[in-house]
Amino acid sequence: MTDRVLPTPTPETRHYWEGAKAGELRLQRCDKCSQAYFPPRPFCPECGSRDVSVFKASGKGTLHSYIINELGAPGLKPPFAVAIVQLEEGPRLLSNILECDQTPEALQLDMPLEVVFEKVTDDITLPQFRPAKEA
Amino acid sequence: MTPNSCAIVGAAETTDLGKIPDMGQIQLHADAALNALADCGLSIKDIDGVATAGHSPQELAHYLGIVPSWVDGTSVGGCSYMLHVRHAVAALEAGYCNTVLITHGESGRSRTGFLSRPMFASQFDAQFEAPFGVSIPPTRFTLPVMRMMKDTGLTEEHLAMVAVVQREWASHHPRASFRDPITVDDVLNSKMIAYPFRKLMCCLVTDGGGALILTRADRAKDFPTKPVYIRGVGESVETPVVSQMKDLTSSAAFRVSGKKAFETAGITHADVDHLMIYDAFAHLPIYGLEDLGFVGRGEAGPFIAEGNTRPGGKLPMNTNGGGLSYMHSGMYGMYALQESVRQMRGISPAQVEGAKLSVCHGVGGMFGASGTVVMTNEA
């Protein structure tokens, strides 16, 4: 068990969390205006169309902004970075930065990142990011 | 709205401010309300409209013993009171009520009779953010600043200067929590909370309350207090979480709210004598100055560091010392409004001589919401 705050998927978001368990970062894209978007919902927030599709994202992104949390949080020991990841497809996600020193020197804005999946419980796997291994 | 159609005729904070462990939170609302009523010579039975946030308007009305003909429970965080002013003006103009009471009370420090306020609760947060270790505001509100620094040249020293200048203003206020001068070094050597934010760049956590009483301008002259007219108002919301701001270096809610307020007031930036920008953290006045259009992109940090907003500067800002030094109970917007009213009445302990127009700009949640009120003492 973990003290970590865990998500409770809803009918609209289940594909995202099922995807993470299967090792895929799943986003949605509008079939009409081709906008990729997040968070999951069964319509396009750009044009309102209900014609949308789930697709497997590349898992590539960059470090858009971050803080280093010195206060701690349930199940997480400080200091740890909380980062806003800019995905290649357009949307942004919150993430920790794994396999990396949690220091301003190691965490350089716009550095390339790649998705990695952190299994927290049998039900929940979190999409996380780490410095990209290959360009 | 019609500019100056309504006025604030009563305004007061709680009898004490800072540490008030012996008063429950709903009583902080009432203490401020009774002080505001005394300020303008009204009784509670004269109030026929109520607005509040944090507690429900039904709890407030019942506690005060009134059954109003207009209520507003808009609760979008610390700027809710700016939105209440805007909605109250619309209600007064429409004739839904004649005398509106807006209250705030929060036992932020002592947690006496505290209600856990779900102001950050959202499905977005619960599913996609909280698992990554964001919790209290210092770990959330601060998230866009590294981007701001890289894209606009904002520095840690600029952020520190926000706190330094506001402490200078607070030194004039007997009721401010922190009044002793600080330096940039003091700020940059204070405890790290959430890099790049240090303790002195973060707001206080205190107890207190405040209340405002509004009526139509044609009645405003019947009161003993100097009327403070509502000249313009704006509001907006953007997102429940910082990561989804369209642009991490600019608040869309700030821009929409500020523009509406300036347009309805029919003013330009040069008309503004006094400015309040809600400062839960040191970067908020930076975003506010830029998003309201007082300065260009990347110019707010240097503008503050050069002394333009300090005592004697050309744009006096956060003249009570702000959430960083005066007080911050959690939903600070009410205290910014109180200082604008004091300035327009000419009675602030840090009075800006001859000030005729004040802009009071608030934020709610974490860049989630915004409200802006333009006040004047000239009808």
# chains A, B, ... in the order shown; residues from 1 in each chain; ligands from 1

call {"tool": "closest_atom_pairs", "arguments": {"of": "chain B", "to": "chain A", "cutoff": "8 Å", "atoms": "only C-alpha atoms", "output": "Markdown table"}}
result
| residue | atom | partner | partner_atom | distance |
| --- | --- | --- | --- | --- |
| B:Phe124 | CA | A:Pro39 | CA | 7.2 |
| B:Ala126 | CA | A:Pro7 | CA | 6.0 |
| B:Gln127 | CA | A:Pro7 | CA | 4.3 |
| B:Phe128 | CA | A:Leu94 | CA | 7.0 |
| B:Glu129 | CA | A:Leu94 | CA | 5.9 |
| B:Ala130 | CA | A:Val5 | CA | 6.1 |
| B:Pro131 | CA | A:Val5 | CA | 4.7 |
| B:Phe132 | CA | A:Ser95 | CA | 5.9 |
| B:Gly133 | CA | A:Ala73 | CA | 5.2 |
| B:Val134 | CA | A:Ala73 | CA | 7.0 |
| B:Ser135 | CA | A:Ala73 | CA | 6.9 |
| B:Thr139 | CA | A:Asn69 | CA | 6.3 |
| B:Thr142 | CA | A:Ile67 | CA | 7.0 |
| B:Leu143 | CA | A:Tyr66 | CA | 5.4 |
| B:Pro144 | CA | A:Ser65 | CA | 5.9 |
| B:Val145 | CA | A:Ser65 | CA | 7.3 |
| B:Met146 | CA | A:Ser65 | CA | 5.4 |
| B:Arg147 | CA | A:Ser65 | CA | 5.2 |
| B:Lys150 | CA | A:Leu109 | CA | 7.8 |
| B:Met192 | CA | A:Glu70 | CA | 7.0 |
| B:Ile193 | CA | A:Glu70 | CA | 5.4 |
| B:Ala194 | CA | A:Asn69 | CA | 4.6 |
| B:Tyr195 | CA | A:Ile68 | CA | 4.9 |
| B:Pro196 | CA | A:Ile67 | CA | 6.7 |
| B:Ser243 | CA | A:Ile84 | CA | 6.0 |
| B:Gln244 | CA | A:Arg92 | CA | 6.8 |

call {"tool": "select_by_dssp", "arguments": {"residues": "stretch 15-244 of chain B", "states": "strand (DSSP E)", "output": "PyMOL selection string"}}
result
chain B and resi 49-52+70-72+99-107+192-195+197-198+207-216+228-237

call {"tool": "residues_around", "arguments": {"residues": "stretch 349-364 of chain B", "least_positions_apart": "3", "cutoff": "8 Å", "atoms": "only C-alpha atoms", "output": "JSON, numbers by chain"}}
result
{"B": [76, 77, 78, 79, 80, 82, 169, 172, 173, 174, 254, 258, 271, 272, 273, 274, 275, 276, 277, 278, 288, 316, 319, 320, 331, 333, 336, 337, 340, 343, 344, 346, 367, 368, 369, 370, 371, 372, 373, 374, 375, 376, 377, 378]}

call {"tool": "residues_around", "arguments": {"residues": "B:Ala94", "least_positions_apart": "5", "cutoff": "12 Å", "atoms": "only C-alpha atoms", "output": "list of chain:residue names"}}
result
B:Met1, B:Thr2, B:Ser5, B:Cys6, B:Trp70, B:His87, B:Ala88, B:Val89, B:Thr215, B:Arg216

call {"tool": "write_last_selection", "arguments": {"atoms": "all heavy atoms", "output": "tab-separated table (two decimals), in the first residue's frame"}}
result
chain	number	residue	atom	x	y	z
B	1	MET	N	-22.73	47.91	-16.41
B	1	MET	CA	-22.97	48.80	-15.27
B	1	MET	C	-22.78	50.26	-15.68
B	1	MET	O	-22.09	50.56	-16.64
B	1	MET	CB	-22.00	48.49	-14.12
B	1	MET	CG	-20.57	48.93	-14.42
B	1	MET	SD	-19.45	48.88	-12.99
B	1	MET	CE	-20.01	50.30	-12.03
B	2	THR	N	-23.38	51.13	-14.91
B	2	THR	CA	-23.14	52.57	-15.07
B	2	THR	C	-22.07	52.99	-14.07
B	2	THR	O	-22.23	52.73	-12.87
B	2	THR	CB	-24.43	53.36	-14.78
B	2	THR	OG1	-25.47	52.84	-15.59
B	2	THR	CG2	-24.23	54.84	-15.05
B	5	SER	N	-22.65	54.31	-10.18
B	5	SER	CA	-24.06	54.16	-9.83
B	5	SER	C	-24.24	53.70	-8.39
B	5	SER	O	-25.30	53.88	-7.81
B	5	SER	CB	-24.74	53.15	-10.76
B	5	SER	OG	-24.19	51.86	-10.56
B	6	CYS	N	-23.19	53.09	-7.84
B	6	CYS	CA	-23.26	52.54	-6.49
B	6	CYS	C	-21.99	52.92	-5.73
B	6	CYS	O	-20.98	53.27	-6.33
B	6	CYS	CB	-23.38	51.01	-6.53
B	6	CYS	SG	-24.86	50.44	-7.39
B	70	TRP	N	-31.80	39.28	-1.70
B	70	TRP	CA	-30.78	38.98	-2.72
B	70	TRP	C	-29.59	38.32	-2.04
B	70	TRP	O	-29.19	38.75	-0.95
B	70	TRP	CB	-30.31	40.29	-3.40
B	70	TRP	CG	-29.19	40.08	-4.39
B	70	TRP	CD1	-29.30	39.67	-5.69
B	70	TRP	CD2	-27.79	40.27	-4.15
B	70	TRP	NE1	-28.04	39.57	-6.26
B	70	TRP	CE2	-27.11	39.94	-5.34
B	70	TRP	CE3	-27.03	40.66	-3.03
B	70	TRP	CZ2	-25.72	40.01	-5.45
B	70	TRP	CZ3	-25.65	40.72	-3.15
B	70	TRP	CH2	-25.01	40.40	-4.35
B	87	HIS	N	-21.27	41.82	-8.65
B	87	HIS	CA	-22.64	41.30	-8.69
B	87	HIS	C	-23.58	42.19	-7.89
B	87	HIS	O	-24.75	42.37	-8.26
B	87	HIS	CB	-22.67	39.87	-8.14
B	87	HIS	CG	-21.75	38.93	-8.88
B	87	HIS	ND1	-21.48	37.66	-8.44
B	87	HIS	CD2	-21.03	39.09	-10.03
B	87	HIS	CE1	-20.64	37.06	-9.28
B	87	HIS	NE2	-20.35	37.92	-10.25
B	88	ALA	N	-23.08	42.77	-6.80
B	88	ALA	CA	-23.90	43.65	-5.97
B	88	ALA	C	-24.31	44.90	-6.74
B	88	ALA	O	-25.45	45.38	-6.63
B	88	ALA	CB	-23.15	44.03	-4.69
B	89	VAL	N	-23.38	45.44	-7.52
B	89	VAL	CA	-23.70	46.62	-8.33
B	89	VAL	C	-24.84	46.29	-9.30
B	89	VAL	O	-25.80	47.06	-9.43
B	89	VAL	CB	-22.45	47.12	-9.09
B	89	VAL	CG1	-22.84	48.15	-10.16
B	89	VAL	CG2	-21.44	47.73	-8.12
B	215	THR	N	-24.55	50.60	-1.39
B	215	THR	CA	-25.89	51.04	-1.73
B	215	THR	C	-25.82	51.88	-3.01
B	215	THR	O	-24.73	52.13	-3.54
B	215	THR	CB	-26.53	51.83	-0.56
B	215	THR	OG1	-27.92	52.02	-0.83
B	215	THR	CG2	-25.85	53.16	-0.36
B	216	ARG	N	-26.99	52.31	-3.51
B	216	ARG	CA	-26.97	53.13	-4.73
B	216	ARG	C	-26.43	54.53	-4.40
B	216	ARG	O	-26.61	55.04	-3.29
B	216	ARG	CB	-28.37	53.22	-5.32
B	216	ARG	CG	-28.76	51.97	-6.12
B	216	ARG	CD	-30.12	52.11	-6.76
B	216	ARG	NE	-31.17	52.10	-5.78
B	216	ARG	CZ	-31.69	50.97	-5.24
B	216	ARG	NH1	-31.24	49.78	-5.60
B	216	ARG	NH2	-32.66	51.06	-4.35

call {"tool": "residues_around", "arguments": {"residues": "A:Leu98", "least_positions_apart": "2", "cutoff": "9 Å", "atoms": "only C-alpha atoms", "output": "ChimeraX atom specification"}}
result
/A:81,96,100-102,116,128-131

call {"tool": "residues_around", "arguments": {"residues": "B:Gly24", "least_positions_apart": "2", "cutoff": "8 Å", "atoms": "only C-alpha atoms", "output": "PyMOL selection string"}}
result
chain B and resi 21-22+26-28+107+112-114

call {"tool": "atom_distance", "arguments": {"atom1": "atom CA of B:Ala282", "atom2": "atom CA of B:Gly153"}}
result
15.4 Å

call {"tool": "residues_around", "arguments": {"residues": "stretch 53-56 of chain A", "least_positions_apart": "5", "cutoff": "9 Å", "atoms": "only C-alpha atoms", "output": "MDAnalysis selection string"}}
result
chainID A and resid 15:16 19 24:31 42

call {"tool": "closest_residue", "arguments": {"among": "B:Ala12, B:Ile267, B:Leu248, B:Val233", "to": "B:Glu339", "atoms": "only C-alpha atoms"}}
result
B:Ala12

call {"tool": "atom_distance", "arguments": {"atom1": "atom CA of B:Lys199", "atom2": "atom CA of B:Met148"}}
result
19.5 Å

call {"tool": "select_by_dssp", "arguments": {"residues": "stretch 34-151 of chain B", "states": "helix (DSSP H, G or I)", "output": "number ranges by chain"}}
result
B: 34-40, 44-46, 57-64, 80-94, 123-128, 130-132, 137-139, 145-151

call {"tool": "write_last_selection", "arguments": {"atoms": "C-alpha atoms", "output": "compact mmCIF listing (two decimals), in the first residue's frame"}}
result
# COMPACT_ATOMS: atom_id res chain seq x y z
CA LEU B 34 -21.12 44.72 12.96
CA ASN B 35 -18.08 46.99 12.68
CA ALA B 36 -19.03 47.94 9.09
CA LEU B 37 -22.63 48.65 10.15
CA ALA B 38 -21.37 50.88 12.99
CA ASP B 39 -19.05 52.58 10.50
CA CYS B 40 -22.00 53.83 8.44
CA ILE B 44 -28.49 44.76 10.71
CA LYS B 45 -32.19 45.10 9.84
CA ASP B 46 -31.29 47.62 7.14
CA PRO B 57 -24.77 32.88 2.48
CA GLN B 58 -27.54 30.98 4.26
CA GLU B 59 -25.30 30.35 7.28
CA LEU B 60 -24.25 34.01 7.28
CA ALA B 61 -27.79 35.38 6.92
CA HIS B 62 -29.14 33.11 9.62
CA TYR B 63 -26.27 33.92 11.97
CA LEU B 64 -26.87 37.63 11.49
CA SER B 80 -14.65 36.20 -4.47
CA TYR B 81 -15.28 39.54 -2.76
CA MET B 82 -14.31 41.47 -5.89
CA LEU B 83 -16.89 39.41 -7.78
CA HIS B 84 -19.42 40.05 -5.02
CA VAL B 85 -18.93 43.80 -5.49
CA ARG B 86 -19.53 43.40 -9.21
CA HIS B 87 -22.64 41.30 -8.69
CA ALA B 88 -23.90 43.65 -5.97
CA VAL B 89 -23.70 46.62 -8.33
CA ALA B 90 -25.82 44.72 -10.85
CA ALA B 91 -28.34 43.78 -8.14
CA LEU B 92 -28.55 47.33 -6.79
CA GLU B 93 -28.96 48.75 -10.30
CA ALA B 94 -31.71 46.19 -10.99
CA GLN B 123 -11.69 16.38 -10.75
CA PHE B 124 -8.69 17.58 -12.70
CA ASP B 125 -6.69 18.03 -9.51
CA ALA B 126 -7.87 14.82 -7.84
CA GLN B 127 -7.03 12.63 -10.83
CA PHE B 128 -4.14 14.31 -12.58
CA ALA B 130 -2.55 15.54 -6.44
CA PRO B 131 -0.85 12.12 -7.05
CA PHE B 132 2.33 14.01 -8.00
CA PRO B 137 -0.69 26.72 -2.27
CA PRO B 138 3.13 27.16 -2.04
CA THR B 139 3.47 23.95 -4.07
CA VAL B 145 7.42 31.03 -12.29
CA MET B 146 10.44 29.16 -13.68
CA ARG B 147 8.84 29.54 -17.13
CA MET B 148 8.24 33.24 -16.46
CA MET B 149 11.89 33.67 -15.44
CA LYS B 150 13.29 31.96 -18.53
CA ASP B 151 10.93 33.65 -20.99

call {"tool": "atom_distance", "arguments": {"atom1": "atom CA of B:Asn189", "atom2": "atom CA of B:Val205"}}
result
20.3 Å

call {"tool": "closest_residue", "arguments": {"among": "B:Leu214, B:Leu200, B:Val187, B:Leu292", "to": "B:Ala252", "atoms": "only C-alpha atoms"}}
result
B:Leu292
